[in-house]
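Read the structure below first, then the notes.
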Amino acid sequence: SPIPMDELAGGRRRHADSPPLPDDMLAEILLLLPPEPIHLFRTSFVSKRWRGLVHDARFLRRFREFHGGTPPMLGFFNNHPRSPLFVPTSGGFAASTAAKMSHDDWWALHCRHGHALLQNRRTGAILVWDLVTGDQRHLPLPTRAQEWSCNGAVLCAAGHADHGDCRSCPFLVAYVFSRERNSVTSACTYSSETGVWSELTSIVLPFASVDVKPMALVGNTLYCLLDNYNILEFDLDNHRLGLAQKFPRDAIGSYHDHIVIMPTEDGRLGLAGVEGLNLHLWSLMASIDGLVTWTHERVIDLENFLAPEVVAATFNFWVEPIGFAEDAGVIFIYVHPSVYMIHLKSMQIEEVPEKGNYSSILPYTSFYAPEELPLVVETIKLNC
């Protein structure tokens, strides 16, 4: 008969008269579990004692710290109509509700701090969604936001440095949109604490509108690509719009207009593009005299990491950067029909099992939370 999990805690079967492991020793063992939520969830069903341990706030804080404070990536949203809206990358996470959502109804805008931000394509209503717990908040469109093109972001508004567990914290939604008729781009924010949208702040941008590619947060400033490849900046502290230093147009041309903006590890605005099989990483730097310029930081030869048959396929398809997972330091590269995750620190590369058509993707990351029972129960059923 199967050996109960609690008898395996010490790595071998205990005798019936053996005393149970002390709580502190058992907790040290449970810290070694992988960070994906499914593992702590299954552990919580071993016994009431184990459930109490893994639901304890101190243990969960230690668990996050043990895993470097970096929540695991569970999957990503993708807005290409020929592929699923949500693609799981963790074997223990199916996000079945997201898997049933239609591209006809929903457009994914952003993911951060355990929340996903989506917009209903029929009504314009905005959804803030914790995929792990299933919690949803439906927001109305801001007043006068009859947009021609739009983008948005969701982030924790608690003001703390550790964002490993932000579920109970207030959140902020930033919404940016362009109106074609008067060349005006506007932005506003929604606070979950007040339940209202702020006043609009606007800027006149002739012949430019908001692009739908993922936004980047650096400090307390959001950056958004425009369709003319300028970069809009939204200062959340001062509620002000402006333009960042323009990226060289000839460099964008060499990347076939496929670029991703992202924060760098040292807290600056970064950008990635691929020329041939070389991944180029840039950052926006200020010199001693205050001049701000784009600096070429790093070149990664992808031929050293991709399989020969994938390299051969690049003669027919462009290699495109399509997303960035800030928490994990992972950049996503697309070579039709596959997506590859490149870990920029370890330079390990993984292929996403689900092949298909992908454009910009939005990675979703999250740790385990005790209140996530409904979704993971359904996940277990799907995996059985």
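Going through the structure tokens in order, the chains are called A, B, and so on, while each chain numbers its residues from 1 and the ligands are numbered from 1 in the order shown.
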
Applying 8 Å and only C-alpha atoms, which residues near region 275-288 of chain A remain after dropping the ones on its own chain fewer than 6 positions away? List them as a PyMOL selection string. chain A and resi 245+254-255+264+268-269+294-303+318-319

Please identify all polymer residues within 6 Å of Val184 (chain A), counting only C-alpha atoms, omitting same-chain residues fewer than 4 positions from it, and present them as a PyMOL selection string. chain A and resi 178-179+203-205

When you look at Trp148 (chain A) with a cut-off of 12 Å (counting only C-alpha atoms), what residues show up, excluding the ones that are within fewer than 5 positions of it in the same chain? I need them as a ChimeraX atom specification. /A:124,176-186,208-212

Output file for the residues above (all heavy atoms, as a short mmCIF file (atom, residue, chain, number, x, y, z; two decimals), in the first residue's frame):
```cif
data_model
loop_
_atom_site.label_atom_id
_atom_site.label_comp_id
_atom_site.auth_asym_id
_atom_site.auth_seq_id
_atom_site.Cartn_x
_atom_site.Cartn_y
_atom_site.Cartn_z
N GLY A 124 -15.51 46.91 -22.94
CA GLY A 124 -14.46 47.82 -22.49
C GLY A 124 -14.16 47.72 -21.01
O GLY A 124 -13.20 48.32 -20.53
N VAL A 176 -3.71 53.89 -20.07
CA VAL A 176 -3.21 54.88 -21.03
C VAL A 176 -3.93 54.65 -22.35
O VAL A 176 -4.05 53.51 -22.80
CB VAL A 176 -1.69 54.74 -21.22
CG1 VAL A 176 -1.15 55.84 -22.12
CG2 VAL A 176 -0.97 54.74 -19.88
N PHE A 177 -4.40 55.74 -22.98
CA PHE A 177 -5.14 55.57 -24.23
C PHE A 177 -4.94 56.78 -25.14
O PHE A 177 -4.66 57.89 -24.69
CB PHE A 177 -6.63 55.35 -23.96
CG PHE A 177 -7.30 56.45 -23.19
CD1 PHE A 177 -7.98 57.46 -23.85
CD2 PHE A 177 -7.25 56.47 -21.80
CE1 PHE A 177 -8.60 58.48 -23.15
CE2 PHE A 177 -7.88 57.47 -21.08
CZ PHE A 177 -8.55 58.49 -21.75
N SER A 178 -5.07 56.53 -26.44
CA SER A 178 -4.92 57.58 -27.45
C SER A 178 -6.23 57.77 -28.19
O SER A 178 -6.97 56.82 -28.43
CB SER A 178 -3.82 57.21 -28.45
OG SER A 178 -2.57 57.08 -27.81
N ARG A 179 -6.49 59.03 -28.55
CA ARG A 179 -7.68 59.37 -29.33
C ARG A 179 -7.23 59.92 -30.68
O ARG A 179 -6.52 60.93 -30.75
CB ARG A 179 -8.53 60.39 -28.57
CG ARG A 179 -9.23 59.77 -27.37
CD ARG A 179 -9.82 60.82 -26.46
NE ARG A 179 -8.77 61.48 -25.68
CZ ARG A 179 -9.01 62.31 -24.67
NH1 ARG A 179 -10.25 62.59 -24.34
NH2 ARG A 179 -8.02 62.86 -24.00
N GLU A 180 -7.64 59.24 -31.72
CA GLU A 180 -7.14 59.55 -33.07
C GLU A 180 -7.56 60.94 -33.53
O GLU A 180 -6.79 61.64 -34.20
CB GLU A 180 -7.65 58.49 -34.05
CG GLU A 180 -7.13 58.66 -35.47
CD GLU A 180 -7.66 57.58 -36.40
OE1 GLU A 180 -8.70 56.98 -36.08
OE2 GLU A 180 -7.03 57.35 -37.43
N ARG A 181 -8.77 61.36 -33.15
CA ARG A 181 -9.30 62.57 -33.75
C ARG A 181 -8.54 63.84 -33.35
O ARG A 181 -8.54 64.82 -34.09
CB ARG A 181 -10.78 62.73 -33.41
CG ARG A 181 -11.06 62.96 -31.94
CD ARG A 181 -12.56 63.12 -31.69
NE ARG A 181 -12.83 63.37 -30.28
CZ ARG A 181 -13.00 62.44 -29.38
NH1 ARG A 181 -12.90 61.16 -29.74
NH2 ARG A 181 -13.27 62.74 -28.12
N ASN A 182 -7.89 63.84 -32.17
CA ASN A 182 -7.22 65.08 -31.74
C ASN A 182 -5.76 64.87 -31.34
O ASN A 182 -5.15 65.74 -30.72
CB ASN A 182 -7.99 65.72 -30.58
CG ASN A 182 -8.17 64.75 -29.41
OD1 ASN A 182 -7.59 63.67 -29.40
ND2 ASN A 182 -8.96 65.16 -28.43
N SER A 183 -5.18 63.70 -31.67
CA SER A 183 -3.77 63.41 -31.40
C SER A 183 -3.42 63.53 -29.91
O SER A 183 -2.28 63.84 -29.56
CB SER A 183 -2.86 64.34 -32.21
OG SER A 183 -3.09 64.19 -33.58
N VAL A 184 -4.39 63.30 -29.04
CA VAL A 184 -4.16 63.40 -27.60
C VAL A 184 -4.04 62.00 -27.00
O VAL A 184 -4.85 61.12 -27.28
CB VAL A 184 -5.30 64.18 -26.91
CG1 VAL A 184 -5.17 64.08 -25.39
CG2 VAL A 184 -5.29 65.62 -27.35
N THR A 185 -3.00 61.81 -26.19
CA THR A 185 -2.85 60.58 -25.41
C THR A 185 -3.04 60.95 -23.94
O THR A 185 -2.46 61.92 -23.45
CB THR A 185 -1.46 59.95 -25.63
OG1 THR A 185 -1.38 59.45 -26.97
CG2 THR A 185 -1.22 58.80 -24.67
N SER A 186 -3.85 60.16 -23.25
CA SER A 186 -4.19 60.46 -21.85
C SER A 186 -3.91 59.26 -20.97
O SER A 186 -3.79 58.13 -21.44
CB SER A 186 -5.68 60.85 -21.73
OG SER A 186 -5.98 61.96 -22.54
N ALA A 208 1.07 59.72 -33.46
CA ALA A 208 1.52 58.65 -32.57
C ALA A 208 0.37 58.23 -31.68
O ALA A 208 -0.45 59.06 -31.26
CB ALA A 208 2.69 59.11 -31.71
N SER A 209 0.31 56.95 -31.40
CA SER A 209 -0.70 56.43 -30.48
C SER A 209 -0.11 55.29 -29.68
O SER A 209 0.95 54.74 -30.02
CB SER A 209 -1.95 55.97 -31.25
OG SER A 209 -1.61 54.95 -32.18
N VAL A 210 -0.80 54.92 -28.63
CA VAL A 210 -0.33 53.88 -27.72
C VAL A 210 -0.28 52.53 -28.43
O VAL A 210 -1.20 52.15 -29.16
CB VAL A 210 -1.28 53.80 -26.50
CG1 VAL A 210 -0.98 52.58 -25.64
CG2 VAL A 210 -1.20 55.08 -25.68
N ASP A 211 0.83 51.82 -28.23
CA ASP A 211 0.99 50.47 -28.77
C ASP A 211 0.50 49.47 -27.72
O ASP A 211 0.40 49.79 -26.53
CB ASP A 211 2.46 50.21 -29.12
CG ASP A 211 2.62 49.08 -30.12
OD1 ASP A 211 1.68 48.28 -30.27
OD2 ASP A 211 3.68 48.99 -30.76
N VAL A 212 0.23 48.25 -28.17
CA VAL A 212 -0.32 47.23 -27.26
C VAL A 212 0.77 46.34 -26.66
O VAL A 212 0.45 45.42 -25.91
CB VAL A 212 -1.36 46.36 -27.98
CG1 VAL A 212 -2.55 47.20 -28.40
CG2 VAL A 212 -0.75 45.66 -29.20
#
```

Step one, run DSSP on the backbone; step two, keep only residues of region 288-334 of chain A assigned to strand (DSSP E or B); then write them as a list in words.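 Residues meeting the strand (DSSP E or B) criterion: Val292, Thr293, Trp294, Thr295, His296, Glu297, Arg298, Val299, Ile300, Asp301, Glu320, Pro321, Ile322, Gly323, Phe324, Ala325, Val330, Ile331, Phe332, Ile333 and Tyr334 of chain A.
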
Selection above as a file: N, CA, C and O atoms, as an mmCIF file, in the first residue's frame:
```cif
data_model
loop_
_atom_site.group_PDB
_atom_site.id
_atom_site.type_symbol
_atom_site.label_atom_id
_atom_site.label_comp_id
_atom_site.auth_asym_id
_atom_site.auth_seq_id
_atom_site.Cartn_x
_atom_site.Cartn_y
_atom_site.Cartn_z
ATOM 1 N N VAL A 292 21.451 61.839 -21.438
ATOM 2 C CA VAL A 292 20.831 60.512 -21.389
ATOM 3 C C VAL A 292 20.883 59.889 -22.779
ATOM 4 O O VAL A 292 20.418 60.487 -23.753
ATOM 5 N N THR A 293 21.458 58.700 -22.875
ATOM 6 C CA THR A 293 21.594 58.024 -24.159
ATOM 7 C C THR A 293 21.325 56.527 -23.990
ATOM 8 O O THR A 293 21.454 55.969 -22.902
ATOM 9 N N TRP A 294 20.963 55.903 -25.115
ATOM 10 C CA TRP A 294 20.820 54.446 -25.140
ATOM 11 C C TRP A 294 22.195 53.812 -25.330
ATOM 12 O O TRP A 294 22.936 54.188 -26.237
ATOM 13 N N THR A 295 22.503 52.856 -24.457
ATOM 14 C CA THR A 295 23.820 52.207 -24.464
ATOM 15 C C THR A 295 23.668 50.716 -24.730
ATOM 16 O O THR A 295 22.835 50.050 -24.113
ATOM 17 N N HIS A 296 24.497 50.223 -25.659
ATOM 18 C CA HIS A 296 24.493 48.799 -25.985
ATOM 19 C C HIS A 296 25.184 48.047 -24.840
ATOM 20 O O HIS A 296 26.392 48.185 -24.636
ATOM 21 N N GLU A 297 24.426 47.246 -24.098
ATOM 22 C CA GLU A 297 24.964 46.598 -22.903
ATOM 23 C C GLU A 297 25.517 45.200 -23.159
ATOM 24 O O GLU A 297 26.519 44.811 -22.583
ATOM 25 N N ARG A 298 24.842 44.441 -24.013
ATOM 26 C CA ARG A 298 25.164 43.016 -24.097
ATOM 27 C C ARG A 298 24.667 42.440 -25.412
ATOM 28 O O ARG A 298 23.628 42.848 -25.931
ATOM 29 N N VAL A 299 25.431 41.503 -25.960
ATOM 30 C CA VAL A 299 25.023 40.761 -27.155
ATOM 31 C C VAL A 299 25.110 39.272 -26.837
ATOM 32 O O VAL A 299 26.148 38.788 -26.364
ATOM 33 N N ILE A 300 24.018 38.559 -27.078
ATOM 34 C CA ILE A 300 23.963 37.117 -26.811
ATOM 35 C C ILE A 300 23.765 36.398 -28.136
ATOM 36 O O ILE A 300 22.787 36.648 -28.856
ATOM 37 N N ASP A 301 24.699 35.518 -28.471
ATOM 38 C CA ASP A 301 24.614 34.746 -29.712
ATOM 39 C C ASP A 301 23.681 33.562 -29.481
ATOM 40 O O ASP A 301 24.043 32.581 -28.821
ATOM 41 N N GLU A 320 12.167 36.742 -32.803
ATOM 42 C CA GLU A 320 11.568 37.927 -32.198
ATOM 43 C C GLU A 320 11.570 37.845 -30.672
ATOM 44 O O GLU A 320 11.205 36.808 -30.118
ATOM 45 N N PRO A 321 11.945 38.922 -29.978
ATOM 46 C CA PRO A 321 11.686 38.984 -28.539
ATOM 47 C C PRO A 321 10.220 39.373 -28.349
ATOM 48 O O PRO A 321 9.738 40.336 -28.953
ATOM 49 N N ILE A 322 9.489 38.630 -27.506
ATOM 50 C CA ILE A 322 8.045 38.899 -27.397
ATOM 51 C C ILE A 322 7.589 39.104 -25.961
ATOM 52 O O ILE A 322 6.400 39.329 -25.724
ATOM 53 N N GLY A 323 8.502 39.040 -24.988
ATOM 54 C CA GLY A 323 8.072 39.266 -23.616
ATOM 55 C C GLY A 323 9.232 39.171 -22.650
ATOM 56 O O GLY A 323 10.323 38.683 -22.992
ATOM 57 N N PHE A 324 8.985 39.643 -21.423
ATOM 58 C CA PHE A 324 10.010 39.624 -20.386
ATOM 59 C C PHE A 324 9.356 39.368 -19.037
ATOM 60 O O PHE A 324 8.367 40.024 -18.684
ATOM 61 N N ALA A 325 9.879 38.397 -18.287
ATOM 62 C CA ALA A 325 9.411 38.110 -16.929
ATOM 63 C C ALA A 325 10.396 38.743 -15.958
ATOM 64 O O ALA A 325 11.483 38.215 -15.727
ATOM 65 N N VAL A 330 13.728 36.518 -17.145
ATOM 66 C CA VAL A 330 13.610 35.646 -18.315
ATOM 67 C C VAL A 330 13.082 36.455 -19.485
ATOM 68 O O VAL A 330 12.087 37.178 -19.363
ATOM 69 N N ILE A 331 13.744 36.361 -20.621
ATOM 70 C CA ILE A 331 13.256 36.975 -21.841
ATOM 71 C C ILE A 331 12.724 35.873 -22.754
ATOM 72 O O ILE A 331 13.290 34.772 -22.820
ATOM 73 N N PHE A 332 11.609 36.145 -23.419
ATOM 74 C CA PHE A 332 10.952 35.169 -24.289
ATOM 75 C C PHE A 332 11.297 35.477 -25.739
ATOM 76 O O PHE A 332 11.139 36.607 -26.203
ATOM 77 N N ILE A 333 11.756 34.445 -26.432
ATOM 78 C CA ILE A 333 12.134 34.558 -27.838
ATOM 79 C C ILE A 333 11.228 33.638 -28.647
ATOM 80 O O ILE A 333 11.008 32.483 -28.274
ATOM 81 N N TYR A 334 10.730 34.157 -29.759
ATOM 82 C CA TYR A 334 9.822 33.371 -30.603
ATOM 83 C C TYR A 334 10.481 33.049 -31.930
ATOM 84 O O TYR A 334 10.958 33.932 -32.641
#
```

Contact residues around Gly219 (chain A) with only C-alpha atoms at 12 Å, ignoring same-chain residues under 5 positions, as a PyMOL selection string: chain A and resi 155+159+161+233-237+262-269

Expected file: the selected residues, N, CA, C and O atoms, as an mmCIF file, in the first residue's frame:
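Written file, out.cif:
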```cif
data_model
loop_
_atom_site.group_PDB
_atom_site.id
_atom_site.type_symbol
_atom_site.label_atom_id
_atom_site.label_comp_id
_atom_site.auth_asym_id
_atom_site.auth_seq_id
_atom_site.Cartn_x
_atom_site.Cartn_y
_atom_site.Cartn_z
ATOM 1 N N LEU A 155 -0.362 47.070 -10.492
ATOM 2 C CA LEU A 155 0.764 46.906 -9.578
ATOM 3 C C LEU A 155 0.314 47.087 -8.137
ATOM 4 O O LEU A 155 -0.734 47.678 -7.858
ATOM 5 N N GLY A 159 3.560 49.979 -1.357
ATOM 6 C CA GLY A 159 4.783 50.741 -1.145
ATOM 7 C C GLY A 159 5.889 49.983 -0.456
ATOM 8 O O GLY A 159 6.885 50.571 -0.037
ATOM 9 N N ALA A 161 8.933 46.837 -0.320
ATOM 10 C CA ALA A 161 9.928 46.315 -1.264
ATOM 11 C C ALA A 161 9.669 44.852 -1.605
ATOM 12 O O ALA A 161 9.974 44.401 -2.702
ATOM 13 N N GLU A 233 6.372 57.965 -21.166
ATOM 14 C CA GLU A 233 6.605 57.702 -19.752
ATOM 15 C C GLU A 233 5.492 58.340 -18.919
ATOM 16 O O GLU A 233 5.080 59.474 -19.159
ATOM 17 N N PHE A 234 5.011 57.565 -17.946
ATOM 18 C CA PHE A 234 3.938 58.001 -17.062
ATOM 19 C C PHE A 234 4.490 58.003 -15.637
ATOM 20 O O PHE A 234 4.683 56.959 -15.031
ATOM 21 N N ASP A 235 4.778 59.192 -15.144
ATOM 22 C CA ASP A 235 5.299 59.378 -13.784
ATOM 23 C C ASP A 235 4.127 59.226 -12.809
ATOM 24 O O ASP A 235 3.259 60.103 -12.723
ATOM 25 N N LEU A 236 4.100 58.117 -12.076
ATOM 26 C CA LEU A 236 2.976 57.837 -11.193
ATOM 27 C C LEU A 236 2.975 58.727 -9.956
ATOM 28 O O LEU A 236 1.909 59.003 -9.389
ATOM 29 N N ASP A 237 4.155 59.179 -9.520
ATOM 30 C CA ASP A 237 4.225 60.060 -8.353
ATOM 31 C C ASP A 237 3.631 61.434 -8.654
ATOM 32 O O ASP A 237 2.860 61.986 -7.859
ATOM 33 N N MET A 262 11.833 46.852 -21.106
ATOM 34 C CA MET A 262 11.854 46.101 -19.855
ATOM 35 C C MET A 262 12.754 46.816 -18.853
ATOM 36 O O MET A 262 13.609 47.623 -19.248
ATOM 37 N N PRO A 263 12.594 46.549 -17.556
ATOM 38 C CA PRO A 263 13.537 47.095 -16.578
ATOM 39 C C PRO A 263 14.825 46.283 -16.585
ATOM 40 O O PRO A 263 14.805 45.069 -16.808
ATOM 41 N N THR A 264 15.952 46.955 -16.375
ATOM 42 C CA THR A 264 17.215 46.235 -16.255
ATOM 43 C C THR A 264 17.421 45.817 -14.799
ATOM 44 O O THR A 264 16.723 46.286 -13.897
ATOM 45 N N GLU A 265 18.387 44.945 -14.588
ATOM 46 C CA GLU A 265 18.645 44.431 -13.244
ATOM 47 C C GLU A 265 19.065 45.545 -12.285
ATOM 48 O O GLU A 265 18.789 45.476 -11.083
ATOM 49 N N ASP A 266 19.708 46.584 -12.792
ATOM 50 C CA ASP A 266 20.164 47.670 -11.920
ATOM 51 C C ASP A 266 19.212 48.859 -11.924
ATOM 52 O O ASP A 266 19.575 49.973 -11.563
ATOM 53 N N GLY A 267 17.954 48.637 -12.356
ATOM 54 C CA GLY A 267 16.930 49.648 -12.176
ATOM 55 C C GLY A 267 16.869 50.739 -13.221
ATOM 56 O O GLY A 267 16.493 51.876 -12.917
ATOM 57 N N ARG A 268 17.200 50.429 -14.456
ATOM 58 C CA ARG A 268 17.068 51.406 -15.543
ATOM 59 C C ARG A 268 16.097 50.859 -16.583
ATOM 60 O O ARG A 268 15.711 49.690 -16.543
ATOM 61 N N LEU A 269 15.714 51.710 -17.513
ATOM 62 C CA LEU A 269 14.883 51.259 -18.623
ATOM 63 C C LEU A 269 15.750 50.513 -19.622
ATOM 64 O O LEU A 269 16.814 50.999 -20.023
#
```

Write out, as JSON lines, each residue of region 209-310 of chain A that has an atom at most 8 Å from region 344-361 of chain A, together with the closest pair of atoms and their distance in Å to one decimal, counting only C-alpha atoms, rows going by chain and rising number.
```
{"residue": "A:Lys213", "atom": "CA", "partner": "A:Ser360", "partner_atom": "CA", "distance": 6.0}
{"residue": "A:Pro214", "atom": "CA", "partner": "A:Ser360", "partner_atom": "CA", "distance": 7.1}
{"residue": "A:Phe305", "atom": "CA", "partner": "A:Ile349", "partner_atom": "CA", "distance": 6.9}
```

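Contact shell of Asp104 (chain A) at 12 Å (only C-alpha atoms; same-chain neighbours under 3 positions omitted): A:Asn79, A:His80, A:Pro81, A:Arg82, A:Pro84, A:Leu85, A:Lys100, A:Met101, A:Trp107, A:Ala108, A:Gln119, A:Asn120, A:Arg121, A:Arg122, A:Thr123.
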
Dump of C-alpha atoms for the selected residues, as a JSON list (two decimals), in the first residue's frame:
```json
[["chain", "number", "residue", "atom", "x", "y", "z"],
["A", 79, "ASN", "CA", -3.12, 37.88, -27.48],
["A", 80, "HIS", "CA", -2.58, 36.09, -30.78],
["A", 81, "PRO", "CA", -6.03, 34.81, -31.86],
["A", 82, "ARG", "CA", -4.70, 31.48, -33.15],
["A", 84, "PRO", "CA", -4.77, 29.97, -26.30],
["A", 85, "LEU", "CA", -5.30, 33.16, -24.31],
["A", 100, "LYS", "CA", -11.69, 28.69, -21.42],
["A", 101, "MET", "CA", -11.62, 32.45, -22.05],
["A", 107, "TRP", "CA", -7.53, 41.20, -24.34],
["A", 108, "ALA", "CA", -4.66, 40.76, -21.86],
["A", 119, "GLN", "CA", -10.05, 44.19, -20.85],
["A", 120, "ASN", "CA", -13.36, 43.02, -22.22],
["A", 121, "ARG", "CA", -13.28, 43.63, -25.96],
["A", 122, "ARG", "CA", -17.05, 43.92, -26.18],
["A", 123, "THR", "CA", -17.84, 46.21, -23.24]]
```

Using only C-alpha atoms, which of A:Ser102, A:Ser90, A:Thr70, A:Thr201 sits nearest Arg144 (chain A)?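 Between A:Ser102, A:Ser90, A:Thr70, A:Thr201, the residue approaching Arg144 (chain A) most closely is A:Thr201.
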
Closest atom pairs, region 41-129 of chain A residues within 9 Å of region 133-140 of chain A, only C-alpha atoms, as a Markdown table:
```
| residue | atom | partner | partner_atom | distance |
| --- | --- | --- | --- | --- |
| A:Thr97 | CA | A:Gly134 | CA | 8.7 |
| A:Gly124 | CA | A:Pro140 | CA | 7.8 |
| A:Ala125 | CA | A:Pro140 | CA | 5.1 |
| A:Ile126 | CA | A:Leu139 | CA | 5.0 |
| A:Leu127 | CA | A:His138 | CA | 4.7 |
| A:Val128 | CA | A:Arg137 | CA | 5.1 |
| A:Trp129 | CA | A:Gln136 | CA | 4.5 |
```

Which residue out of A:Pro363, A:Gly152, A:Pro370, A:Pro206 has the minimum interatomic distance to Cys188 (chain A) when only C-alpha atoms are used?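 Nearest candidate to Cys188 (chain A) out of A:Pro363, A:Gly152, A:Pro370, A:Pro206: A:Gly152.
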